[in-house]
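All remarks here apply to the structure that follows.
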Amino acid sequence: MVDAIVEYLIDRRGGLSPYLQIIEQTKRALRLGVLQPGDQLPTAREVVEATAINPNTVLKAYRELEREGLVESRRGVGTFVRKSLAKPQTVEDSALHADLTAWITRAREVGLEREDVAALVDTALDRAYPTSTEAPEESG
């Protein structure tokens with residue numbers, strides 16, 4: 001068995017279905033450059049053993065990722081990454097990642113909880129990336 005590059009963590013309290021969590025975690029790994037074209041995803045059996053979710057849930061998520069052109073299934077061999085979503089600025093060793101990590105560390109040091117940080121980040125994202133019907137807010 002090959003060591004898995006990505007390990008899925010399923011939050012049963014979060015309200016997001018395990019199927020969608022697998023898709024989101026895979027896309028996050030693709031955006032961060034953790035997964036690269038040619039890398040093998042964990043087998044359905046490995047995911048089931050690690051997370052205790054239904055094998056059909058894993059297969060459904062992998063089929064959706066395949067439908068999106070991000071992975072390809074090779075019968076009897078496994079599921080492999082076809083396409084990266086990483087940009088140089090998003091990989092884990094980028095300056096932006098280091099800045100964000102330092103900011104999160106400072107937020108934690110001043111006593112903010114994870115939910116507080118998530119609320120701040122979500123608000124900033126909403127302002128910087130408004131929906132298509134909203135105009136971006138001017139700063140300054």
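Letters A, B, ... go to the chains of the structure tokens in the order shown; residues in each chain start at 1; ligands are counted from 1 in the same order.
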
Name the residues in contact with range 49-65 of chain A at a cut-off of 6 Å, using only C-alpha atoms, excluding same-chain residues fewer than 4 positions from it; report them as a ChimeraX atom specification. /A:19,23,44,70-71

Output all heavy atoms for every residue in that selection, as a PDB file, in the first residue's frame.
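Contents of the output file part-v6.pdb:
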ATOM      1  N   TYR A  19     -19.756  13.062   1.483  1.00  0.00           N
ATOM      2  CA  TYR A  19     -19.466  13.083   0.048  1.00  0.00           C
ATOM      3  C   TYR A  19     -18.911  14.450  -0.364  1.00  0.00           C
ATOM      4  O   TYR A  19     -17.897  14.559  -1.052  1.00  0.00           O
ATOM      5  CB  TYR A  19     -20.761  12.709  -0.687  1.00  0.00           C
ATOM      6  CG  TYR A  19     -21.052  13.372  -1.990  1.00  0.00           C
ATOM      7  CD1 TYR A  19     -20.424  12.967  -3.153  1.00  0.00           C
ATOM      8  CD2 TYR A  19     -21.988  14.404  -2.081  1.00  0.00           C
ATOM      9  CE1 TYR A  19     -20.713  13.562  -4.367  1.00  0.00           C
ATOM     10  CE2 TYR A  19     -22.286  15.000  -3.280  1.00  0.00           C
ATOM     11  CZ  TYR A  19     -21.637  14.583  -4.424  1.00  0.00           C
ATOM     12  OH  TYR A  19     -21.923  15.174  -5.616  1.00  0.00           O
ATOM     13  N   ILE A  23     -14.995  15.827  -1.572  1.00  0.00           N
ATOM     14  CA  ILE A  23     -14.772  16.666  -2.753  1.00  0.00           C
ATOM     15  C   ILE A  23     -14.041  17.946  -2.371  1.00  0.00           C
ATOM     16  O   ILE A  23     -13.042  18.320  -2.999  1.00  0.00           O
ATOM     17  CB  ILE A  23     -16.114  16.976  -3.456  1.00  0.00           C
ATOM     18  CG1 ILE A  23     -16.681  15.704  -4.089  1.00  0.00           C
ATOM     19  CG2 ILE A  23     -15.931  18.069  -4.503  1.00  0.00           C
ATOM     20  CD1 ILE A  23     -18.092  15.856  -4.612  1.00  0.00           C
ATOM     21  N   ALA A  44     -10.898   3.629  -2.075  1.00  0.00           N
ATOM     22  CA  ALA A  44     -12.152   3.700  -1.323  1.00  0.00           C
ATOM     23  C   ALA A  44     -12.025   2.904  -0.031  1.00  0.00           C
ATOM     24  O   ALA A  44     -12.460   3.350   1.030  1.00  0.00           O
ATOM     25  CB  ALA A  44     -13.312   3.199  -2.168  1.00  0.00           C
ATOM     26  N   LEU A  70     -11.013  16.408 -12.819  1.00  0.00           N
ATOM     27  CA  LEU A  70      -9.889  16.579 -11.898  1.00  0.00           C
ATOM     28  C   LEU A  70      -9.135  15.290 -11.630  1.00  0.00           C
ATOM     29  O   LEU A  70      -7.936  15.311 -11.346  1.00  0.00           O
ATOM     30  CB  LEU A  70     -10.387  17.169 -10.574  1.00  0.00           C
ATOM     31  CG  LEU A  70     -11.045  18.551 -10.694  1.00  0.00           C
ATOM     32  CD1 LEU A  70     -11.630  18.975  -9.362  1.00  0.00           C
ATOM     33  CD2 LEU A  70     -10.033  19.570 -11.205  1.00  0.00           C
ATOM     34  N   VAL A  71      -9.838  14.161 -11.698  1.00  0.00           N
ATOM     35  CA  VAL A  71      -9.203  12.866 -11.467  1.00  0.00           C
ATOM     36  C   VAL A  71      -9.666  11.895 -12.543  1.00  0.00           C
ATOM     37  O   VAL A  71     -10.620  12.170 -13.270  1.00  0.00           O
ATOM     38  CB  VAL A  71      -9.539  12.290 -10.063  1.00  0.00           C
ATOM     39  CG1 VAL A  71      -9.100  13.241  -8.960  1.00  0.00           C
ATOM     40  CG2 VAL A  71     -11.007  11.946  -9.935  1.00  0.00           C
TER      41      VAL A  71
END

Can you pull out every residue within 9 Å of Thr26 in chain A, counting only C-alpha atoms, but drop anything in the same chain fewer than 3 positions away, and send it as an mmCIF file with C-alpha atoms, in the first residue's frame?
data_model
loop_
_atom_site.group_PDB
_atom_site.id
_atom_site.type_symbol
_atom_site.label_atom_id
_atom_site.label_comp_id
_atom_site.auth_asym_id
_atom_site.auth_seq_id
_atom_site.Cartn_x
_atom_site.Cartn_y
_atom_site.Cartn_z
ATOM 1 C CA VAL A 6 -4.187 13.227 1.346
ATOM 2 C CA TYR A 8 -9.737 12.756 4.593
ATOM 3 C CA GLN A 21 -16.388 16.941 2.415
ATOM 4 C CA ILE A 22 -14.293 14.521 0.349
ATOM 5 C CA ILE A 23 -14.772 16.666 -2.753
ATOM 6 C CA ALA A 29 -5.314 19.714 -1.718
ATOM 7 C CA LEU A 30 -5.296 20.405 -5.473
ATOM 8 C CA ARG A 31 -5.330 24.182 -4.891
ATOM 9 C CA LEU A 35 -1.887 16.793 -4.870
ATOM 10 C CA LEU A 41 -5.929 9.249 -4.234
ATOM 11 C CA LEU A 65 -14.304 14.695 -9.185
#

DSSP strand (DSSP E or B) residues within range 15-133 of chain A, listed as a VMD selection string: chain A and resid 40 71 to 74 78 to 81

Go ahead and save the picked residues with N, CA and C atoms, as an mmCIF file, in the first residue's frame.
data_model
loop_
_atom_site.group_PDB
_atom_site.id
_atom_site.type_symbol
_atom_site.label_atom_id
_atom_site.label_comp_id
_atom_site.auth_asym_id
_atom_site.auth_seq_id
_atom_site.Cartn_x
_atom_site.Cartn_y
_atom_site.Cartn_z
ATOM 1 N N GLN A 40 -1.865 9.459 -6.742
ATOM 2 C CA GLN A 40 -2.991 8.549 -6.527
ATOM 3 C C GLN A 40 -3.755 8.963 -5.275
ATOM 4 N N VAL A 71 -9.838 14.161 -11.698
ATOM 5 C CA VAL A 71 -9.203 12.866 -11.467
ATOM 6 C C VAL A 71 -9.666 11.895 -12.543
ATOM 7 N N GLU A 72 -8.969 10.771 -12.631
ATOM 8 C CA GLU A 72 -9.400 9.708 -13.529
ATOM 9 C C GLU A 72 -9.275 8.384 -12.810
ATOM 10 N N SER A 73 -10.248 7.539 -13.020
ATOM 11 C CA SER A 73 -10.263 6.219 -12.425
ATOM 12 C C SER A 73 -9.652 5.235 -13.416
ATOM 13 N N ARG A 74 -8.738 4.434 -12.930
ATOM 14 C CA ARG A 74 -8.131 3.383 -13.751
ATOM 15 C C ARG A 74 -8.544 2.051 -13.145
ATOM 16 N N GLY A 78 -6.686 2.264 -9.490
ATOM 17 C CA GLY A 78 -6.979 3.325 -8.525
ATOM 18 C C GLY A 78 -7.451 4.592 -9.212
ATOM 19 N N THR A 79 -7.526 5.647 -8.428
ATOM 20 C CA THR A 79 -7.964 6.952 -8.909
ATOM 21 C C THR A 79 -6.787 7.901 -8.832
ATOM 22 N N PHE A 80 -6.531 8.595 -9.943
ATOM 23 C CA PHE A 80 -5.342 9.436 -10.063
ATOM 24 C C PHE A 80 -5.711 10.862 -10.444
ATOM 25 N N VAL A 81 -4.901 11.802 -9.962
ATOM 26 C CA VAL A 81 -5.103 13.220 -10.257
ATOM 27 C C VAL A 81 -4.764 13.480 -11.713
#

Could you pull out the residues in range 14-45 of chain A that DSSP calls helix (DSSP H, G or I) from the backbone, as a PyMOL selection string? chain A and resi 18-31+44-45

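The spacing separating CA of Arg82 in chain A from CA of Arg12 in chain A amounts to 29.1 Å.
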
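Nearest-residue note for Ile10 in chain A: choosing from A:Val34, A:Arg75, A:Val47, A:Tyr129, the minimum distance belongs to A:Val47, counting only C-alpha atoms.
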
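The interatomic distance for the pair CA of Gly38 in chain A and CA of Gln25 in chain A works out to 17.5 Å.
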
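If you look at CA of Arg28 in chain A and CA of Leu85 in chain A, they are 8.5 Å away from each other.
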
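Closest approach to Thr90 in chain A among A:Ile5, A:Leu32, A:Glu115, A:Asp11 is made by A:Leu32 (distances from only C-alpha atoms).
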